[in-house]
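All remarks here apply to the structure that follows.
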Amino acid sequence: MTSAGPVNPLNSAAFQHYFRDDAYDEMFDGRGNVRRHYVPLTENFLSLSQEELRRRKHSADLAFLNQGITFTVYGREEGTERIFPHDLLPRIITHAEWSHIEAGLTQRITALNLFLHDIYHEGRILSEGIVPREVVFSCKHFRRQMRGLQVPRNVYIAVVGTDLIRLPSGEFVVLEDNLRVPSGVSYMLTSRNVMKRIFPQLFHHCSVRSIEHYSRELLTTLRSLAPEGRPEPTIVLLTPGVFNSAYFEHTYLARQMGIELVEGRDLLTHDDVVYMRTTTGLRRVDVIYRRIDDDFVDPLAYRADSTLGVAGLFNAYRAGNVTLANALGTGVADDKALYAYVPRIIKYYLGEDTLLNNVETFLLTDPVQRQHVLSNLDKLVVKAVGESGGYGMLIGPHSTAQQRSEFHDRIEADPRNYIAQPTLNFSRAPCLIDDGFEPRHVDLRPYVLFGDKVTIVPGGLTRVALRRGSLVVNSSQGGGSKDTWVLNN
């Protein structure tokens with residue numbers, strides 16, 4: 001499966017700072033040869049001068065700037081709005097690898113939907129002790145108001161972004177599931193558009209599978225979840241507003257789907273029906289693709305101080321007159337403590353072994369596991385169960401004694417709020433750093449849609465830890481992204 005090609009890139013000036021270690025290298029095999037599926041791409045990039053690479057990089061950055069593709073970093077004095085960092089060299093996944101990923105993600109979302117329906121109805125998996133009741137009922141995202149509520153098609157999770165990493169063995173494993181309001185798909189789509197403009201012939205030469213149909217598939221999925229008797233449903237995307245870190249994505253997806261982008265103040269309820277204010281009067285709303293958290297959707301049902309949601313929305317939802325995607329209460333299934341039980345969940349509902357394995361996870365409510373973690377904080381990664389974006393996390397080997405002491409106290413005070421995992425040496429891919437190529441750690445977030453069927457566009461958001469030596473790929477923590485190419489054959 002490997003070929004050195006006409007020239008070994010590692011001998012070229014552009015790769016003079018490139019290094020390899022025990023981590024799986026996406027481009028090079030263990031002998032330093034270019035993996036076969038990377039050969040055409042490598043030859044193309046090596047044929048470009050440094051000046052031409054700089055020109056194309058500038059062209060890509062300009063395209064992101066002109067489109068307003070930004071993200072927000074909270075808590076930084078130097079300013080919060082930044083252009084999303086993008087690397088020119090795409091990450092390539094073979095057809096066979098993608099087929100395995102696709103099957104594993106389909107299995108996972110199917111089982112998690114069955115789990116959510118079960119815990120909010122019969123609770124069989126809890127009664128049989130497959131998943132402990134206390135893990136579910138102690139989760140801050142468990143919504144008792146959802147008990148017995150029937151959601152359309154029994155679909156709780158319509159949109160999922162599951163984070164995968166590749167281990168030194170080459171195996172893809174699941175790092176975490178993002179089920180509440182998964183973000184980042186707009187970066188996947190806009191990155192592809194930019195790359196196709198900069199390297200148009202290379203796409204055809206490498207036979208890259210298309211992802212441009214994602215927005216159409218998302219719209220089809222949302223339509224399939226409309227309440228009964230609404231054959232031409234009105235669908236809206238509910239955003240917290242312009243100050244939200246993912247506002248660019250909200251506007252982008254609404255425009256791509258041809259639906260209205262609304263804030264809470266644009267909607268109202270009457271007789272348990274949701275309406276949208278328009279210039280021609282009120283218009284009934286049937287499906288809400290929500291990009292706000294459960295707590296803020298309805299000040300009458302959840303946080304009374306919320307100005308982002310719609311008063312009475314939950315009653316309309318409970319009456320079956322409007323669909324929320326994703327459903328309320330789905331956050332219990334992406335709690336990082338519940339994550340440890342997903343292989344059991346798959347086996348229980350589907351009778352199948354897990355196709356995409358989990359990372360070993362220590363549950364700190366268990367005294368034995370907690371003591372092991374507290375004694376090895378310098379070697380492990382500790383995560384807060386409900387946090388995202390790289391926040392609330394300790395990376396033991398890169399931490400200070402003071403940080404470890406602080407996390408020791410936090411774990412002792414609230415063990416349910418934390419899990420721990422080994423520090424993983426996950427895969428690296430070459431990135432354009434200044435005028436040469438260097439390896440950086442990468443993960444992969446494919447996006448899964450679940451309506452009448454499961455749809456996964458071939459690719460995903462490859463996130464990159466751009467800081468040398470960093471294991472954190474989140475944009476809020478200095479990460480960036482690169483285009484992900486899934487090959488046709």
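Residues in the structure tokens are named by chain (A, B, ... in the order shown) and by number from 1 within that chain; ligands are numbered from 1 in the order shown.
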
List every residue of range 95-275 of chain A that DSSP, applied to the backbone of this structure, places in strand (DSSP E or B), and write the result as number ranges by chain. A: 159-166, 172-178, 208, 235-238, 260-262, 267-270, 273-275

Could you write out that same residue set with N, CA and C atoms as a compact mmCIF listing (two decimals), in the first residue's frame?
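See part.txt below for the written result:
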```
# COMPACT_ATOMS: atom_id res chain seq x y z
N VAL A 159 -28.66 15.52 14.18
CA VAL A 159 -27.36 16.00 13.71
C VAL A 159 -26.32 15.66 14.77
N VAL A 160 -25.27 14.97 14.36
CA VAL A 160 -24.20 14.59 15.28
C VAL A 160 -22.85 14.94 14.67
N GLY A 161 -21.94 15.42 15.51
CA GLY A 161 -20.55 15.57 15.10
C GLY A 161 -19.71 14.73 16.05
N THR A 162 -19.22 13.59 15.57
CA THR A 162 -18.46 12.67 16.42
C THR A 162 -16.97 12.84 16.17
N ASP A 163 -16.21 13.03 17.24
CA ASP A 163 -14.76 13.26 17.11
C ASP A 163 -14.00 11.93 17.12
N LEU A 164 -13.23 11.72 16.07
CA LEU A 164 -12.41 10.53 15.92
C LEU A 164 -10.93 10.89 15.95
N ILE A 165 -10.13 9.97 16.47
CA ILE A 165 -8.69 10.11 16.38
C ILE A 165 -8.12 8.78 15.88
N ARG A 166 -6.91 8.85 15.33
CA ARG A 166 -6.26 7.63 14.86
C ARG A 166 -5.08 7.30 15.78
N PHE A 172 -8.92 3.92 13.86
CA PHE A 172 -9.72 5.07 14.24
C PHE A 172 -10.56 4.70 15.47
N VAL A 173 -10.58 5.58 16.47
CA VAL A 173 -11.41 5.38 17.64
C VAL A 173 -12.19 6.66 17.92
N VAL A 174 -13.28 6.52 18.68
CA VAL A 174 -14.12 7.67 19.03
C VAL A 174 -13.56 8.34 20.28
N LEU A 175 -13.31 9.64 20.18
CA LEU A 175 -12.86 10.40 21.34
C LEU A 175 -14.04 10.95 22.13
N GLU A 176 -15.03 11.47 21.42
CA GLU A 176 -16.25 11.92 22.09
C GLU A 176 -17.35 12.15 21.08
N ASP A 177 -18.59 12.19 21.57
CA ASP A 177 -19.76 12.47 20.74
C ASP A 177 -20.26 13.87 21.06
N ASN A 178 -20.72 14.58 20.03
CA ASN A 178 -21.28 15.92 20.21
C ASN A 178 -22.72 15.88 19.69
N VAL A 208 -11.62 12.86 -5.67
CA VAL A 208 -12.12 13.18 -4.33
C VAL A 208 -13.65 13.17 -4.33
N ILE A 235 -39.46 25.52 8.01
CA ILE A 235 -38.29 25.19 8.83
C ILE A 235 -37.49 26.47 9.07
N VAL A 236 -37.04 26.66 10.30
CA VAL A 236 -36.23 27.82 10.63
C VAL A 236 -35.00 27.36 11.42
N LEU A 237 -33.96 28.18 11.39
CA LEU A 237 -32.78 27.94 12.22
C LEU A 237 -32.77 28.97 13.32
N LEU A 238 -32.80 28.51 14.56
CA LEU A 238 -32.86 29.39 15.73
C LEU A 238 -31.45 29.65 16.25
N GLU A 260 -35.32 30.47 6.92
CA GLU A 260 -35.16 31.70 7.68
C GLU A 260 -34.25 31.49 8.89
N LEU A 261 -33.38 32.46 9.11
CA LEU A 261 -32.57 32.51 10.32
C LEU A 261 -33.32 33.40 11.31
N VAL A 262 -33.64 32.86 12.47
CA VAL A 262 -34.46 33.61 13.43
C VAL A 262 -33.80 33.62 14.80
N LEU A 267 -40.05 34.78 17.10
CA LEU A 267 -41.04 33.72 17.22
C LEU A 267 -41.98 33.99 18.38
N LEU A 268 -43.17 33.43 18.30
CA LEU A 268 -44.12 33.49 19.42
C LEU A 268 -44.98 32.24 19.38
N THR A 269 -45.64 31.96 20.49
CA THR A 269 -46.54 30.81 20.54
C THR A 269 -47.96 31.27 20.84
N HIS A 270 -48.91 30.53 20.26
CA HIS A 270 -50.33 30.80 20.54
C HIS A 270 -51.06 29.48 20.42
N VAL A 273 -49.01 26.50 19.39
CA VAL A 273 -48.47 26.50 18.02
C VAL A 273 -47.44 27.62 17.93
N VAL A 274 -46.32 27.36 17.23
CA VAL A 274 -45.26 28.35 17.10
C VAL A 274 -45.44 29.11 15.79
N TYR A 275 -45.29 30.42 15.87
CA TYR A 275 -45.39 31.28 14.70
C TYR A 275 -44.14 32.15 14.57
```

Within 9 Å of Ser224 in chain A, counting only C-alpha atoms, which residues qualify if same-chain residues fewer than 5 places away don't, as a VMD selection string? chain A and resid 152 to 153 219 451 to 452

Of A:Leu112, A:Phe28, A:Pro200, A:Arg283, the one nearest to Tyr339 in chain A when counting only C-alpha atoms is A:Leu112

Write down as number ranges by chain the residues of range 286-465 of chain A whose backbone DSSP state falls under helix (DSSP H, G or I). A: 294-296, 313-318, 330-334, 338-350, 367-375, 396-398, 401-413, 415-417

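You can rank A:Ser186, A:Thr279, A:Thr365, A:Asn488 by their closest distance to Glu412 in chain A using only C-alpha atoms, and at the top of that list sits A:Thr365.
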
Identify, on the basis of only C-alpha atoms, every residue whose closest approach to Ala63 in chain A does not exceed 12 Å; exclude the query and any residue fewer than 3 positions from it along the same chain; express the result as a PDB file with all heavy atoms, in the first residue's frame.
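Heads up, here's the output in part_32.pdb:
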```pdb
ATOM      1  N   ARG A  56      -0.713  30.971  -2.894  1.00  0.00           N
ATOM      2  CA  ARG A  56      -1.947  30.205  -2.739  1.00  0.00           C
ATOM      3  C   ARG A  56      -2.452  30.252  -1.297  1.00  0.00           C
ATOM      4  O   ARG A  56      -3.664  30.287  -1.050  1.00  0.00           O
ATOM      5  CB  ARG A  56      -1.740  28.761  -3.202  1.00  0.00           C
ATOM      6  CG  ARG A  56      -1.401  28.685  -4.685  1.00  0.00           C
ATOM      7  CD  ARG A  56      -1.591  27.304  -5.249  1.00  0.00           C
ATOM      8  NE  ARG A  56      -1.101  27.222  -6.617  1.00  0.00           N
ATOM      9  CZ  ARG A  56      -1.416  26.267  -7.478  1.00  0.00           C
ATOM     10  NH1 ARG A  56      -2.252  25.307  -7.112  1.00  0.00           N
ATOM     11  NH2 ARG A  56      -0.915  26.246  -8.690  1.00  0.00           N
ATOM     12  N   LYS A  57      -1.528  30.244  -0.357  1.00  0.00           N
ATOM     13  CA  LYS A  57      -1.925  30.378   1.039  1.00  0.00           C
ATOM     14  C   LYS A  57      -2.580  31.732   1.273  1.00  0.00           C
ATOM     15  O   LYS A  57      -3.618  31.833   1.947  1.00  0.00           O
ATOM     16  CB  LYS A  57      -0.697  30.214   1.943  1.00  0.00           C
ATOM     17  CG  LYS A  57      -0.933  30.512   3.417  1.00  0.00           C
ATOM     18  CD  LYS A  57      -1.949  29.586   4.056  1.00  0.00           C
ATOM     19  CE  LYS A  57      -2.058  29.839   5.551  1.00  0.00           C
ATOM     20  NZ  LYS A  57      -3.234  29.144   6.133  1.00  0.00           N
ATOM     21  N   HIS A  58      -1.995  32.782   0.712  1.00  0.00           N
ATOM     22  CA  HIS A  58      -2.578  34.121   0.846  1.00  0.00           C
ATOM     23  C   HIS A  58      -3.957  34.166   0.197  1.00  0.00           C
ATOM     24  O   HIS A  58      -4.886  34.787   0.740  1.00  0.00           O
ATOM     25  CB  HIS A  58      -1.649  35.155   0.206  1.00  0.00           C
ATOM     26  CG  HIS A  58      -2.207  36.551   0.234  1.00  0.00           C
ATOM     27  ND1 HIS A  58      -2.294  37.295   1.395  1.00  0.00           N
ATOM     28  CD2 HIS A  58      -2.724  37.334  -0.763  1.00  0.00           C
ATOM     29  CE1 HIS A  58      -2.835  38.475   1.124  1.00  0.00           C
ATOM     30  NE2 HIS A  58      -3.101  38.516  -0.185  1.00  0.00           N
ATOM     31  N   SER A  59      -4.104  33.521  -0.948  1.00  0.00           N
ATOM     32  CA  SER A  59      -5.391  33.494  -1.638  1.00  0.00           C
ATOM     33  C   SER A  59      -6.444  32.807  -0.792  1.00  0.00           C
ATOM     34  O   SER A  59      -7.593  33.258  -0.710  1.00  0.00           O
ATOM     35  CB  SER A  59      -5.232  32.770  -2.980  1.00  0.00           C
ATOM     36  OG  SER A  59      -6.465  32.673  -3.649  1.00  0.00           O
ATOM     37  N   ALA A  60      -6.059  31.707  -0.118  1.00  0.00           N
ATOM     38  CA  ALA A  60      -7.005  30.999   0.754  1.00  0.00           C
ATOM     39  C   ALA A  60      -7.396  31.871   1.943  1.00  0.00           C
ATOM     40  O   ALA A  60      -8.581  31.983   2.289  1.00  0.00           O
ATOM     41  CB  ALA A  60      -6.387  29.683   1.234  1.00  0.00           C
ATOM     42  N   ASN A  66     -12.808  37.346   3.274  1.00  0.00           N
ATOM     43  CA  ASN A  66     -13.890  37.983   2.522  1.00  0.00           C
ATOM     44  C   ASN A  66     -15.246  37.355   2.824  1.00  0.00           C
ATOM     45  O   ASN A  66     -16.282  38.017   2.714  1.00  0.00           O
ATOM     46  CB  ASN A  66     -13.605  37.908   1.023  1.00  0.00           C
ATOM     47  CG  ASN A  66     -12.448  38.796   0.607  1.00  0.00           C
ATOM     48  OD1 ASN A  66     -12.116  39.764   1.305  1.00  0.00           O
ATOM     49  ND2 ASN A  66     -11.809  38.487  -0.507  1.00  0.00           N
ATOM     50  N   GLN A  67     -15.234  36.081   3.199  1.00  0.00           N
ATOM     51  CA  GLN A  67     -16.491  35.421   3.533  1.00  0.00           C
ATOM     52  C   GLN A  67     -16.879  35.606   4.996  1.00  0.00           C
ATOM     53  O   GLN A  67     -17.948  35.166   5.413  1.00  0.00           O
ATOM     54  CB  GLN A  67     -16.390  33.917   3.224  1.00  0.00           C
ATOM     55  CG  GLN A  67     -16.272  33.578   1.758  1.00  0.00           C
ATOM     56  CD  GLN A  67     -16.172  32.080   1.539  1.00  0.00           C
ATOM     57  OE1 GLN A  67     -17.145  31.348   1.693  1.00  0.00           O
ATOM     58  NE2 GLN A  67     -14.994  31.616   1.180  1.00  0.00           N
ATOM     59  N   GLY A  68     -15.975  36.227   5.764  1.00  0.00           N
ATOM     60  CA  GLY A  68     -16.259  36.438   7.171  1.00  0.00           C
ATOM     61  C   GLY A  68     -16.224  35.164   7.981  1.00  0.00           C
ATOM     62  O   GLY A  68     -16.951  35.019   8.973  1.00  0.00           O
ATOM     63  N   ILE A  69     -15.356  34.228   7.577  1.00  0.00           N
ATOM     64  CA  ILE A  69     -15.279  32.941   8.263  1.00  0.00           C
ATOM     65  C   ILE A  69     -14.399  33.117   9.488  1.00  0.00           C
ATOM     66  O   ILE A  69     -13.174  33.083   9.413  1.00  0.00           O
ATOM     67  CB  ILE A  69     -14.723  31.851   7.328  1.00  0.00           C
ATOM     68  CG1 ILE A  69     -15.596  31.750   6.074  1.00  0.00           C
ATOM     69  CG2 ILE A  69     -14.671  30.508   8.053  1.00  0.00           C
ATOM     70  CD1 ILE A  69     -15.045  30.834   5.012  1.00  0.00           C
ATOM     71  N   THR A  70     -15.048  33.304  10.623  1.00  0.00           N
ATOM     72  CA  THR A  70     -14.334  33.624  11.855  1.00  0.00           C
ATOM     73  C   THR A  70     -14.830  32.733  12.985  1.00  0.00           C
ATOM     74  O   THR A  70     -15.816  32.007  12.856  1.00  0.00           O
ATOM     75  CB  THR A  70     -14.560  35.088  12.255  1.00  0.00           C
ATOM     76  OG1 THR A  70     -15.956  35.298  12.525  1.00  0.00           O
ATOM     77  CG2 THR A  70     -14.107  36.034  11.159  1.00  0.00           C
ATOM     78  N   ILE A  83      -9.915  35.159  12.188  1.00  0.00           N
ATOM     79  CA  ILE A  83     -10.115  34.363  10.986  1.00  0.00           C
ATOM     80  C   ILE A  83      -9.765  32.915  11.319  1.00  0.00           C
ATOM     81  O   ILE A  83      -8.773  32.635  11.984  1.00  0.00           O
ATOM     82  CB  ILE A  83      -9.212  34.877   9.837  1.00  0.00           C
ATOM     83  CG1 ILE A  83      -9.529  36.350   9.546  1.00  0.00           C
ATOM     84  CG2 ILE A  83      -9.411  34.032   8.589  1.00  0.00           C
ATOM     85  CD1 ILE A  83     -10.947  36.606   9.132  1.00  0.00           C
ATOM     86  N   PHE A  84     -10.574  31.998  10.853  1.00  0.00           N
ATOM     87  CA  PHE A  84     -10.352  30.595  11.175  1.00  0.00           C
ATOM     88  C   PHE A  84      -9.076  30.104  10.497  1.00  0.00           C
ATOM     89  O   PHE A  84      -8.959  30.160   9.270  1.00  0.00           O
ATOM     90  CB  PHE A  84     -11.542  29.764  10.714  1.00  0.00           C
ATOM     91  CG  PHE A  84     -11.604  28.412  11.343  1.00  0.00           C
ATOM     92  CD1 PHE A  84     -12.046  28.273  12.649  1.00  0.00           C
ATOM     93  CD2 PHE A  84     -11.213  27.279  10.653  1.00  0.00           C
ATOM     94  CE1 PHE A  84     -12.108  27.028  13.251  1.00  0.00           C
ATOM     95  CE2 PHE A  84     -11.276  26.031  11.250  1.00  0.00           C
ATOM     96  CZ  PHE A  84     -11.720  25.910  12.547  1.00  0.00           C
ATOM     97  N   PRO A  85      -8.088  29.625  11.263  1.00  0.00           N
ATOM     98  CA  PRO A  85      -6.826  29.165  10.661  1.00  0.00           C
ATOM     99  C   PRO A  85      -7.061  27.936   9.782  1.00  0.00           C
ATOM    100  O   PRO A  85      -7.758  27.007  10.173  1.00  0.00           O
ATOM    101  CB  PRO A  85      -5.958  28.798  11.873  1.00  0.00           C
ATOM    102  CG  PRO A  85      -6.616  29.455  13.048  1.00  0.00           C
ATOM    103  CD  PRO A  85      -8.075  29.503  12.729  1.00  0.00           C
ATOM    104  N   HIS A  86      -6.473  27.957   8.596  1.00  0.00           N
ATOM    105  CA  HIS A  86      -6.702  26.885   7.633  1.00  0.00           C
ATOM    106  C   HIS A  86      -5.378  26.457   7.022  1.00  0.00           C
ATOM    107  O   HIS A  86      -4.579  27.291   6.582  1.00  0.00           O
ATOM    108  CB  HIS A  86      -7.649  27.375   6.532  1.00  0.00           C
ATOM    109  CG  HIS A  86      -7.872  26.370   5.434  1.00  0.00           C
ATOM    110  ND1 HIS A  86      -7.151  26.389   4.264  1.00  0.00           N
ATOM    111  CD2 HIS A  86      -8.714  25.318   5.358  1.00  0.00           C
ATOM    112  CE1 HIS A  86      -7.560  25.382   3.500  1.00  0.00           C
ATOM    113  NE2 HIS A  86      -8.497  24.725   4.134  1.00  0.00           N
ATOM    114  N   THR A 190     -16.944  25.383   3.660  1.00  0.00           N
ATOM    115  CA  THR A 190     -16.250  26.529   3.066  1.00  0.00           C
ATOM    116  C   THR A 190     -14.795  26.205   2.756  1.00  0.00           C
ATOM    117  O   THR A 190     -14.238  26.692   1.772  1.00  0.00           O
ATOM    118  CB  THR A 190     -16.326  27.753   4.000  1.00  0.00           C
ATOM    119  OG1 THR A 190     -15.884  27.385   5.314  1.00  0.00           O
ATOM    120  CG2 THR A 190     -17.750  28.277   4.097  1.00  0.00           C
ATOM    121  N   SER A 191     -14.177  25.359   3.579  1.00  0.00           N
ATOM    122  CA  SER A 191     -12.813  24.923   3.301  1.00  0.00           C
ATOM    123  C   SER A 191     -12.753  24.192   1.967  1.00  0.00           C
ATOM    124  O   SER A 191     -11.840  24.416   1.157  1.00  0.00           O
ATOM    125  CB  SER A 191     -12.319  24.013   4.426  1.00  0.00           C
ATOM    126  OG  SER A 191     -11.063  23.458   4.112  1.00  0.00           O
ATOM    127  N   ARG A 192     -13.721  23.339   1.707  1.00  0.00           N
ATOM    128  CA  ARG A 192     -13.759  22.621   0.439  1.00  0.00           C
ATOM    129  C   ARG A 192     -13.924  23.593  -0.736  1.00  0.00           C
ATOM    130  O   ARG A 192     -13.250  23.462  -1.768  1.00  0.00           O
ATOM    131  CB  ARG A 192     -14.886  21.591   0.448  1.00  0.00           C
ATOM    132  CG  ARG A 192     -15.128  20.864  -0.877  1.00  0.00           C
ATOM    133  CD  ARG A 192     -13.903  20.096  -1.363  1.00  0.00           C
ATOM    134  NE  ARG A 192     -13.432  19.131  -0.411  1.00  0.00           N
ATOM    135  CZ  ARG A 192     -13.895  17.869  -0.316  1.00  0.00           C
ATOM    136  NH1 ARG A 192     -14.840  17.456  -1.148  1.00  0.00           N
ATOM    137  NH2 ARG A 192     -13.394  17.051   0.581  1.00  0.00           N
ATOM    138  N   ASN A 193     -14.805  24.572  -0.590  1.00  0.00           N
ATOM    139  CA  ASN A 193     -14.995  25.543  -1.670  1.00  0.00           C
ATOM    140  C   ASN A 193     -13.716  26.305  -1.985  1.00  0.00           C
ATOM    141  O   ASN A 193     -13.374  26.529  -3.152  1.00  0.00           O
ATOM    142  CB  ASN A 193     -16.107  26.537  -1.291  1.00  0.00           C
ATOM    143  CG  ASN A 193     -17.471  25.896  -1.273  1.00  0.00           C
ATOM    144  OD1 ASN A 193     -17.699  24.882  -1.930  1.00  0.00           O
ATOM    145  ND2 ASN A 193     -18.400  26.469  -0.523  1.00  0.00           N
ATOM    146  N   VAL A 194     -13.009  26.705  -0.946  1.00  0.00           N
ATOM    147  CA  VAL A 194     -11.754  27.439  -1.140  1.00  0.00           C
ATOM    148  C   VAL A 194     -10.714  26.555  -1.809  1.00  0.00           C
ATOM    149  O   VAL A 194     -10.024  26.971  -2.749  1.00  0.00           O
ATOM    150  CB  VAL A 194     -11.234  27.979   0.212  1.00  0.00           C
ATOM    151  CG1 VAL A 194      -9.812  28.520   0.071  1.00  0.00           C
ATOM    152  CG2 VAL A 194     -12.161  29.072   0.743  1.00  0.00           C
ATOM    153  N   MET A 195     -10.579  25.324  -1.347  1.00  0.00           N
ATOM    154  CA  MET A 195      -9.578  24.426  -1.913  1.00  0.00           C
ATOM    155  C   MET A 195      -9.868  24.100  -3.372  1.00  0.00           C
ATOM    156  O   MET A 195      -8.943  23.954  -4.187  1.00  0.00           O
ATOM    157  CB  MET A 195      -9.515  23.142  -1.086  1.00  0.00           C
ATOM    158  CG  MET A 195      -8.899  23.317   0.290  1.00  0.00           C
ATOM    159  SD  MET A 195      -7.131  23.702   0.222  1.00  0.00           S
ATOM    160  CE  MET A 195      -6.464  22.112  -0.276  1.00  0.00           C
ATOM    161  N   LYS A 196     -11.125  23.971  -3.737  1.00  0.00           N
ATOM    162  CA  LYS A 196     -11.460  23.670  -5.132  1.00  0.00           C
ATOM    163  C   LYS A 196     -11.102  24.831  -6.056  1.00  0.00           C
ATOM    164  O   LYS A 196     -10.780  24.619  -7.232  1.00  0.00           O
ATOM    165  CB  LYS A 196     -12.947  23.328  -5.261  1.00  0.00           C
ATOM    166  CG  LYS A 196     -13.301  21.979  -4.670  1.00  0.00           C
ATOM    167  CD  LYS A 196     -14.736  21.594  -4.947  1.00  0.00           C
ATOM    168  CE  LYS A 196     -14.912  21.096  -6.370  1.00  0.00           C
ATOM    169  NZ  LYS A 196     -16.236  20.485  -6.577  1.00  0.00           N
ATOM    170  N   ARG A 197     -11.150  26.047  -5.523  1.00  0.00           N
ATOM    171  CA  ARG A 197     -10.749  27.203  -6.337  1.00  0.00           C
ATOM    172  C   ARG A 197      -9.231  27.283  -6.474  1.00  0.00           C
ATOM    173  O   ARG A 197      -8.716  27.712  -7.511  1.00  0.00           O
ATOM    174  CB  ARG A 197     -11.281  28.497  -5.709  1.00  0.00           C
ATOM    175  CG  ARG A 197     -12.786  28.674  -5.854  1.00  0.00           C
ATOM    176  CD  ARG A 197     -13.175  30.136  -5.738  1.00  0.00           C
ATOM    177  NE  ARG A 197     -12.848  30.696  -4.444  1.00  0.00           N
ATOM    178  CZ  ARG A 197     -13.675  30.691  -3.401  1.00  0.00           C
ATOM    179  NH1 ARG A 197     -14.873  30.139  -3.524  1.00  0.00           N
ATOM    180  NH2 ARG A 197     -13.318  31.230  -2.264  1.00  0.00           N
ATOM    181  N   ILE A 198      -8.517  26.869  -5.438  1.00  0.00           N
ATOM    182  CA  ILE A 198      -7.060  27.005  -5.441  1.00  0.00           C
ATOM    183  C   ILE A 198      -6.377  25.826  -6.148  1.00  0.00           C
ATOM    184  O   ILE A 198      -5.356  25.994  -6.813  1.00  0.00           O
ATOM    185  CB  ILE A 198      -6.541  27.138  -3.996  1.00  0.00           C
ATOM    186  CG1 ILE A 198      -7.084  28.422  -3.379  1.00  0.00           C
ATOM    187  CG2 ILE A 198      -5.017  27.149  -3.944  1.00  0.00           C
ATOM    188  CD1 ILE A 198      -6.727  28.595  -1.921  1.00  0.00           C
TER     189      ILE A 198
END
```

Which one of A:Gln403, A:Gln371, A:Thr220, A:Thr239 sits closest to Val310 in chain A if you count only C-alpha atoms? A:Thr239

Extract, using only C-alpha atoms, all DNA, RNA and protein residues at most 12 Å from Asn154 in chain A, discarding same-chain residues fewer than 4 positions from it, and format them as a VMD selection string. chain A and resid 110 112 to 118 120 to 121 148 to 150 158 224 to 227 323 325 to 327 450 to 452
